[in-house]
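Shown below: start_19.cif, with mmCIF, C-alpha atoms and all ligand atoms.
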data_protein
loop_
_atom_site.label_atom_id
_atom_site.label_comp_id
_atom_site.auth_asym_id
_atom_site.auth_seq_id
_atom_site.Cartn_x
_atom_site.Cartn_y
_atom_site.Cartn_z
CA MET A 1 31.11 57.20 60.29
CA ILE A 2 34.89 57.08 59.69
CA GLY A 3 36.16 53.79 61.14
CA ALA A 4 32.71 52.60 62.24
CA LYS A 5 33.27 49.47 60.14
CA ARG A 6 36.77 47.94 60.25
CA ARG A 7 38.53 44.96 58.76
CA TYR A 8 41.79 43.83 60.33
CA TYR A 9 44.44 41.66 58.69
CA GLU A 10 47.47 40.17 60.38
CA GLU A 11 49.19 40.21 57.01
CA THR A 12 48.09 41.28 53.54
CA ASP A 13 49.71 42.53 50.35
CA SER A 14 48.30 46.07 50.51
CA THR A 15 45.41 47.52 52.53
CA ASN A 16 44.60 49.68 49.49
CA SER A 17 43.96 46.49 47.49
CA ARG A 18 41.80 44.98 50.27
CA ALA A 19 39.88 48.28 50.54
CA LYS A 20 39.30 48.38 46.79
CA GLU A 21 37.87 44.83 46.87
CA TRP A 22 35.64 45.67 49.83
CA ALA A 23 34.45 48.86 48.11
CA LYS A 24 33.42 46.81 45.05
CA GLN A 25 31.47 44.49 47.39
CA GLY A 26 29.56 47.52 48.73
CA ALA A 27 31.53 48.70 51.79
CA LEU A 28 29.95 51.68 53.51
CA ASP A 29 31.41 55.17 53.28
CA GLY A 30 34.11 55.55 55.95
CA SER A 31 34.95 51.84 56.34
CA ILE A 32 38.61 51.18 57.09
CA VAL A 33 41.06 48.35 56.49
CA ILE A 34 44.03 47.91 58.84
CA ALA A 35 46.94 45.48 58.56
CA ASP A 36 49.65 44.62 61.04
CA LYS A 37 52.00 43.86 58.15
CA GLN A 38 51.92 44.48 54.38
CA CYS A 39 54.04 42.32 52.11
CA ALA A 40 53.49 44.53 49.02
CA GLY A 41 52.77 47.99 50.43
CA ARG A 42 52.55 50.60 47.69
CA GLY A 43 53.90 54.13 47.78
CA ARG A 44 53.37 57.01 45.35
CA ASN A 45 54.97 56.95 41.90
CA GLY A 46 55.21 53.14 41.85
CA LYS A 47 57.52 52.97 44.88
CA VAL A 48 57.45 50.21 47.49
CA TRP A 49 56.19 51.14 50.97
CA THR A 50 58.05 49.07 53.57
CA SER A 51 55.46 47.86 56.10
CA PRO A 52 56.90 45.44 58.68
CA SER A 53 54.87 43.70 61.37
CA GLY A 54 53.90 45.35 64.66
CA VAL A 55 55.49 48.76 64.20
CA GLY A 56 53.35 50.89 61.92
CA ILE A 57 49.90 52.06 60.98
CA TRP A 58 49.07 50.60 57.57
CA MET A 59 45.48 51.53 56.88
CA SER A 60 43.09 52.49 54.08
CA ILE A 61 39.83 54.40 54.26
CA ILE A 62 37.01 53.81 51.79
CA LEU A 63 35.19 57.02 50.89
CA ARG A 64 32.15 57.52 48.72
CA PRO A 65 32.11 61.28 48.30
CA LEU A 66 29.51 63.05 46.20
CA LEU A 67 32.26 65.04 44.51
CA GLU A 68 33.57 65.42 40.98
CA ALA A 69 37.00 63.91 40.21
CA GLN A 70 38.54 67.39 40.00
CA GLU A 71 37.31 68.17 43.52
CA LEU A 72 39.20 65.28 45.13
CA ALA A 73 42.73 66.76 45.38
CA PRO A 74 42.13 68.58 48.70
CA LEU A 75 41.02 65.30 50.30
CA THR A 76 44.61 64.06 50.45
CA LEU A 77 45.73 67.40 51.90
CA ILE A 78 43.13 67.33 54.65
CA THR A 79 44.06 63.69 55.38
CA GLY A 80 47.63 64.84 56.07
CA LEU A 81 46.37 67.69 58.21
CA ALA A 82 44.12 65.35 60.23
CA MET A 83 46.99 62.90 60.80
CA CYS A 84 49.26 65.77 61.96
CA GLU A 85 46.63 66.76 64.52
CA ALA A 86 46.01 63.17 65.68
CA ILE A 87 49.72 62.47 66.16
CA GLU A 88 50.18 65.69 68.07
CA GLU A 89 47.16 64.95 70.29
CA VAL A 90 48.29 61.43 71.20
CA THR A 91 52.09 61.77 71.29
CA GLY A 92 52.81 65.49 71.60
CA VAL A 93 55.09 65.26 68.54
CA GLU A 94 54.75 68.23 66.21
CA THR A 95 54.86 67.20 62.57
CA LYS A 96 55.14 69.32 59.45
CA ILE A 97 53.75 68.68 55.97
CA LYS A 98 55.82 68.44 52.83
CA TRP A 99 53.35 69.33 50.05
CA PRO A 100 51.14 67.61 49.18
CA ASN A 101 50.88 65.11 52.01
CA ASP A 102 54.10 63.68 53.46
CA LEU A 103 54.32 64.16 57.22
CA VAL A 104 57.80 65.15 58.24
CA VAL A 105 59.71 65.45 61.53
CA LYS A 106 63.24 66.85 61.66
CA ASP A 107 63.45 66.78 57.85
CA LYS A 108 62.63 63.05 57.63
CA LYS A 109 59.46 61.32 56.50
CA LEU A 110 57.15 59.87 59.14
CA CYS A 111 54.00 59.26 57.13
CA GLY A 112 52.93 58.93 53.50
CA ILE A 113 49.49 58.98 51.86
CA LEU A 114 48.41 57.24 48.67
CA CYS A 115 44.98 58.05 47.23
CA GLU A 116 43.47 55.89 44.51
CA MET A 117 40.07 56.45 42.98
CA GLN A 118 37.59 54.61 40.85
CA ALA A 119 35.57 56.79 38.51
CA THR A 120 33.21 55.90 35.68
CA GLN A 121 31.04 58.01 33.38
CA LYS A 122 28.54 58.08 36.25
CA GLY A 123 31.16 59.83 38.40
CA VAL A 124 33.40 58.94 41.33
CA GLN A 125 32.50 55.46 42.65
CA HIS A 126 34.90 55.40 45.56
CA VAL A 127 38.16 56.83 46.79
CA ILE A 128 40.70 54.79 48.74
CA VAL A 129 42.89 56.86 51.03
CA GLY A 130 45.89 54.75 52.08
CA ILE A 131 47.96 55.98 55.01
CA GLY A 132 51.27 54.66 56.29
CA VAL A 133 52.76 55.92 59.57
CA ASN A 134 56.06 54.67 61.00
CA VAL A 135 55.19 54.47 64.69
CA ASN A 136 57.47 52.13 66.65
CA THR A 137 60.10 51.30 64.02
CA GLU A 138 63.49 51.09 65.76
CA ALA A 139 65.71 51.08 62.67
CA PHE A 140 65.32 51.54 58.92
CA ASP A 141 67.18 49.87 56.10
CA VAL A 142 70.08 51.89 54.65
CA SER A 143 68.03 52.23 51.47
CA LEU A 144 65.63 54.52 53.41
CA PRO A 145 67.90 57.37 54.59
CA TYR A 146 64.99 59.85 54.78
CA ALA A 147 62.62 57.68 56.85
CA THR A 148 61.88 58.23 60.53
CA SER A 149 59.42 56.96 63.16
CA LEU A 150 57.79 58.33 66.29
CA TYR A 151 60.01 55.96 68.27
CA LYS A 152 63.18 57.31 66.62
CA VAL A 153 62.11 60.86 67.36
CA THR A 154 61.06 60.41 71.01
CA GLY A 155 62.50 57.10 72.27
CA HIS A 156 58.93 56.05 73.24
CA GLN A 157 56.66 53.31 71.88
CA TYR A 158 53.07 54.31 71.13
CA ASN A 159 49.73 52.53 70.95
CA ARG A 160 48.79 52.43 67.27
CA GLU A 161 45.05 52.01 67.87
CA GLN A 162 44.97 55.23 69.92
CA ILE A 163 46.47 57.18 67.02
CA ILE A 164 44.04 55.55 64.56
CA ASP A 165 41.03 56.46 66.73
CA ALA A 166 42.21 60.06 67.18
CA PHE A 167 42.76 60.30 63.42
CA CYS A 168 39.26 58.96 62.63
CA ASN A 169 37.70 61.64 64.87
CA VAL A 170 39.62 64.55 63.35
CA PHE A 171 39.32 63.26 59.80
CA GLU A 172 35.55 62.81 60.15
CA LYS A 173 35.20 66.49 61.10
CA TYR A 174 37.46 67.67 58.27
CA TYR A 175 35.97 65.35 55.65
CA ARG A 176 32.39 66.41 56.44
CA HIS A 177 33.35 70.07 56.29
CA TYR A 178 35.14 69.72 52.96
CA HIS A 179 32.35 67.58 51.56
CA ASP A 180 29.70 70.13 52.54
CA THR A 181 31.55 73.25 51.41
CA LYS A 182 33.58 71.75 48.52
CA SER A 183 36.19 74.36 49.37
CA PHE A 184 39.72 74.09 50.72
CA GLY A 185 39.48 77.74 51.80
CA ASP A 186 38.77 77.05 55.48
CA PHE A 187 41.78 74.70 55.70
CA LYS A 188 44.21 76.85 53.74
CA GLU A 189 45.66 78.88 56.62
CA LYS A 190 46.08 75.86 58.90
CA TYR A 191 47.67 73.89 56.07
CA GLU A 192 50.04 76.71 55.09
CA ASP A 193 51.19 77.02 58.73
CA LYS A 194 52.16 73.34 58.71
CA CYS A 195 53.66 73.26 55.23
CA ILE A 196 57.50 73.28 55.20
CA THR A 197 57.61 73.39 51.41
CA LEU A 198 56.54 77.04 51.37
CA ASN A 199 58.89 80.05 51.29
CA ASN A 200 61.73 77.88 50.05
CA LYS A 201 63.46 77.14 46.79
CA VAL A 202 62.36 73.73 45.52
CA LYS A 203 63.12 71.38 42.67
CA ILE A 204 60.05 70.53 40.60
CA ILE A 205 60.33 67.06 39.13
CA ASP A 206 58.10 66.84 36.09
CA ASN A 207 57.86 64.05 33.50
CA GLN A 208 59.28 66.28 30.83
CA GLN A 209 61.73 68.44 32.76
CA ASN A 210 63.17 69.27 36.18
CA TYR A 211 63.47 72.88 37.21
CA GLU A 212 64.01 75.08 40.23
CA ALA A 213 61.38 77.48 41.54
CA TYR A 214 60.29 79.28 44.69
CA ALA A 215 57.31 77.75 46.55
CA GLN A 216 54.96 80.65 47.37
CA HIS A 217 51.64 79.45 48.71
CA ILE A 218 48.78 76.98 48.37
CA SER A 219 45.83 77.84 46.14
CA GLU A 220 42.16 77.57 47.13
CA GLU A 221 42.13 74.25 45.23
CA GLY A 222 45.10 72.86 47.18
CA HIS A 223 47.62 73.32 44.36
CA LEU A 224 51.17 74.55 45.00
CA VAL A 225 51.78 78.02 43.59
CA ILE A 226 55.39 78.51 42.49
CA LEU A 227 57.39 81.44 41.19
CA LYS A 228 59.58 80.31 38.31
CA GLU A 229 63.01 81.70 37.45
CA ASP A 230 61.52 83.56 34.46
CA GLY A 231 59.30 85.53 36.90
CA GLN A 232 56.08 83.69 35.98
CA THR A 233 53.87 82.13 38.64
CA GLU A 234 52.39 78.73 38.01
CA GLU A 235 50.18 76.24 39.86
CA VAL A 236 51.48 72.69 40.10
CA TYR A 237 49.25 69.70 40.80
CA ALA A 238 49.88 66.82 43.19
CA GLY A 239 50.03 63.62 41.17
CA GLU A 240 51.63 65.36 38.19
CA VAL A 241 54.86 66.58 39.77
CA SER A 242 57.13 65.75 42.69
CA VAL A 243 58.73 68.46 44.78
CA ARG A 244 62.11 68.18 46.49
CA GLY A 245 64.24 70.57 48.47
CA LEU A 246 67.43 71.65 46.75
CA TYR A 247 69.62 69.72 49.20
CA GLY A 248 67.71 66.57 50.02
CA TYR A 249 64.24 65.23 50.65
CA VAL A 250 62.64 68.30 52.30
C1 LIG B 301 53.90 57.53 49.82
O1 LIG B 301 54.61 57.09 48.91
O2 LIG B 301 54.26 58.49 50.48
C2 LIG B 301 52.58 56.89 50.11
C3 LIG B 301 52.69 55.72 51.05
C4 LIG B 301 51.36 55.10 51.40
C5 LIG B 301 51.50 53.84 52.22
C6 LIG B 301 50.19 53.33 52.68
S1 LIG B 301 50.36 52.02 53.88
C7 LIG B 301 48.66 51.67 53.77
C8 LIG B 301 48.26 51.82 52.32
N1 LIG B 301 48.46 50.57 51.60
C9 LIG B 301 49.42 50.67 50.69
O3 LIG B 301 49.80 49.76 49.94
N2 LIG B 301 49.90 51.93 50.66
C10 LIG B 301 49.24 52.77 51.62
#

Have the structure of the file written as structure tokens, please.
Ligand code: BTN
Amino acid sequence: MIGAKRRYYEETDSTNSRAKEWAKQGALDGSIVIADKQCAGRGRNGKVWTSPSGVGIWMSIILRPLLEAQELAPLTLITGLAMCEAIEEVTGVETKIKWPNDLVVKDKKLCGILCEMQATQKGVQHVIVGIGVNVNTEAFDVSLPYATSLYKVTGHQYNREQIIDAFCNVFEKYYRHYHDTKSFGDFKEKYEDKCITLNNKVKIIDNQQNYEAYAQHISEEGHLVILKEDGQTEEVYAGEVSVRGLYGYV
């Protein structure tokens, strides 16, 4: 089901925008949009996602889950987990996850995920899961000191389609399981093993305030549980806060 229907673009502004259009025209659950180049790739928090031609995976999945809006958060976490597994299967490179869903190698970012959803009073209409992976990028602009690629890590070029196909297989399994159980519980241990944010002091970047805390674990809902300096524990939600290491990106 995931990736059974595909639309390819040589160049587009953003695959998330193409996917949103296709979803409104009735695209089936699991359809994917892939571009060789994006000229207006979007990152989280209004950032630009640099997406040059021929070197990356710039793709968006259209999902039509029968879930409530508040049940969607784990979907982005399991997307990251599935991409970790796919990359490892195809390239042998072991990636880590910076909560909630940045894939990291040697403290630099390899992959980012941007989820956008359309909900009405009738419920969730569709979810667009946008994924960007730097695969064969040889060099990054100086403005991206924390970016890396599979090529930079290994010195090898990889076939992007092979990684996409491996991802679709793993993600299909994970998505079905989450959809059926509506619980992150079965993914929690695997996710925590991969998550470099945990057991470290982090900086929580909130709209109102920035503060330091200790990242303890991931809750059954996929939230980050932190221990604050006043001794209180609190759950923080992806989408509402950003988390940084004390000395850099990780
Ligand atoms: C992040 O900021 O970490 C999220 C980056 C998401 C980038 C991907 S590339 C494919 C899809 N289309 C976009 O415009 N953004 C996402």

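The smallest atom-to-atom distance between ligand LIG 301 (chain B) and any of A:Asp36, A:Ala19, A:Thr95, A:Gly112, using only C-alpha atoms and all ligand atoms, is found for A:Gly112.
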
Practice problem: Return as a count of residues only every polymer residue, whether protein, DNA or RNA, with at least one atom no more than 10 Å from an atom of ligand LIG 301 (chain B); count only C-alpha atoms and all ligand atoms. | Solution: 51

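Of the listed residues (A:His217, A:Lys194, A:His126, A:Lys228), A:His126 comes nearest to A:Leu67; the distances count all atoms listed in the file.
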
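Proximity of A:Leu28, A:Glu212, A:Ala23, A:His177 to A:Met117, computed with only C-alpha atoms, is greatest for A:Ala23.
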
Self-check item: Counting all atoms listed in the file, the residue of A:Lys203, A:Lys96, A:Lys106, A:Arg244 that sits nearest A:Lys190
Solution: A:Lys96

Could you give me, as a PDB file with C-alpha atoms, in the coordinates of the input, the residues that sit within 12 Å of (37.3, 76.8, 52.8) in the file's coordinates, counting all atoms listed in the file?
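The resulting file, out23.pdb, is reproduced below:
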ATOM      1  CA  PRO A  74      42.130  68.580  48.700  1.00  0.00           C
ATOM      2  CA  ILE A  78      43.130  67.330  54.650  1.00  0.00           C
ATOM      3  CA  TYR A 174      37.460  67.670  58.270  1.00  0.00           C
ATOM      4  CA  TYR A 175      35.970  65.350  55.650  1.00  0.00           C
ATOM      5  CA  HIS A 177      33.350  70.070  56.290  1.00  0.00           C
ATOM      6  CA  TYR A 178      35.140  69.720  52.960  1.00  0.00           C
ATOM      7  CA  HIS A 179      32.350  67.580  51.560  1.00  0.00           C
ATOM      8  CA  ASP A 180      29.700  70.130  52.540  1.00  0.00           C
ATOM      9  CA  THR A 181      31.550  73.250  51.410  1.00  0.00           C
ATOM     10  CA  LYS A 182      33.580  71.750  48.520  1.00  0.00           C
ATOM     11  CA  SER A 183      36.190  74.360  49.370  1.00  0.00           C
ATOM     12  CA  PHE A 184      39.720  74.090  50.720  1.00  0.00           C
ATOM     13  CA  GLY A 185      39.480  77.740  51.800  1.00  0.00           C
ATOM     14  CA  ASP A 186      38.770  77.050  55.480  1.00  0.00           C
ATOM     15  CA  PHE A 187      41.780  74.700  55.700  1.00  0.00           C
ATOM     16  CA  LYS A 188      44.210  76.850  53.740  1.00  0.00           C
ATOM     17  CA  GLU A 189      45.660  78.880  56.620  1.00  0.00           C
ATOM     18  CA  LYS A 190      46.080  75.860  58.900  1.00  0.00           C
ATOM     19  CA  TYR A 191      47.670  73.890  56.070  1.00  0.00           C
ATOM     20  CA  SER A 219      45.830  77.840  46.140  1.00  0.00           C
ATOM     21  CA  GLU A 220      42.160  77.570  47.130  1.00  0.00           C
ATOM     22  CA  GLU A 221      42.130  74.250  45.230  1.00  0.00           C
ATOM     23  CA  GLY A 222      45.100  72.860  47.180  1.00  0.00           C
TER      24      GLY A 222
END

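Separating atom CA of A:Glu68 from atom CA of A:Gly80 is a distance of 20.6 Å.
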
Quiz item: Near stretch 195-200 of chain A, counting only C-alpha atoms, which residues have an atom at most 6 Å away, once you skip same-chain residues fewer than 4 positions from it, shown as a list in words?
Solution: Lys96, Ile97, Lys98, Tyr214, Ala215 and Gln216 of chain A

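Of the listed residues (A:Asn207, A:Val55, A:Leu66, A:His223), A:Val55 comes nearest to A:Lys152; the distances count only C-alpha atoms.
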
Practice problem: Could you tell me how far atom CA of A:Val142 lies from atom CA of A:Leu246, in Å and to one decimal? | Solution: 21.4 Å
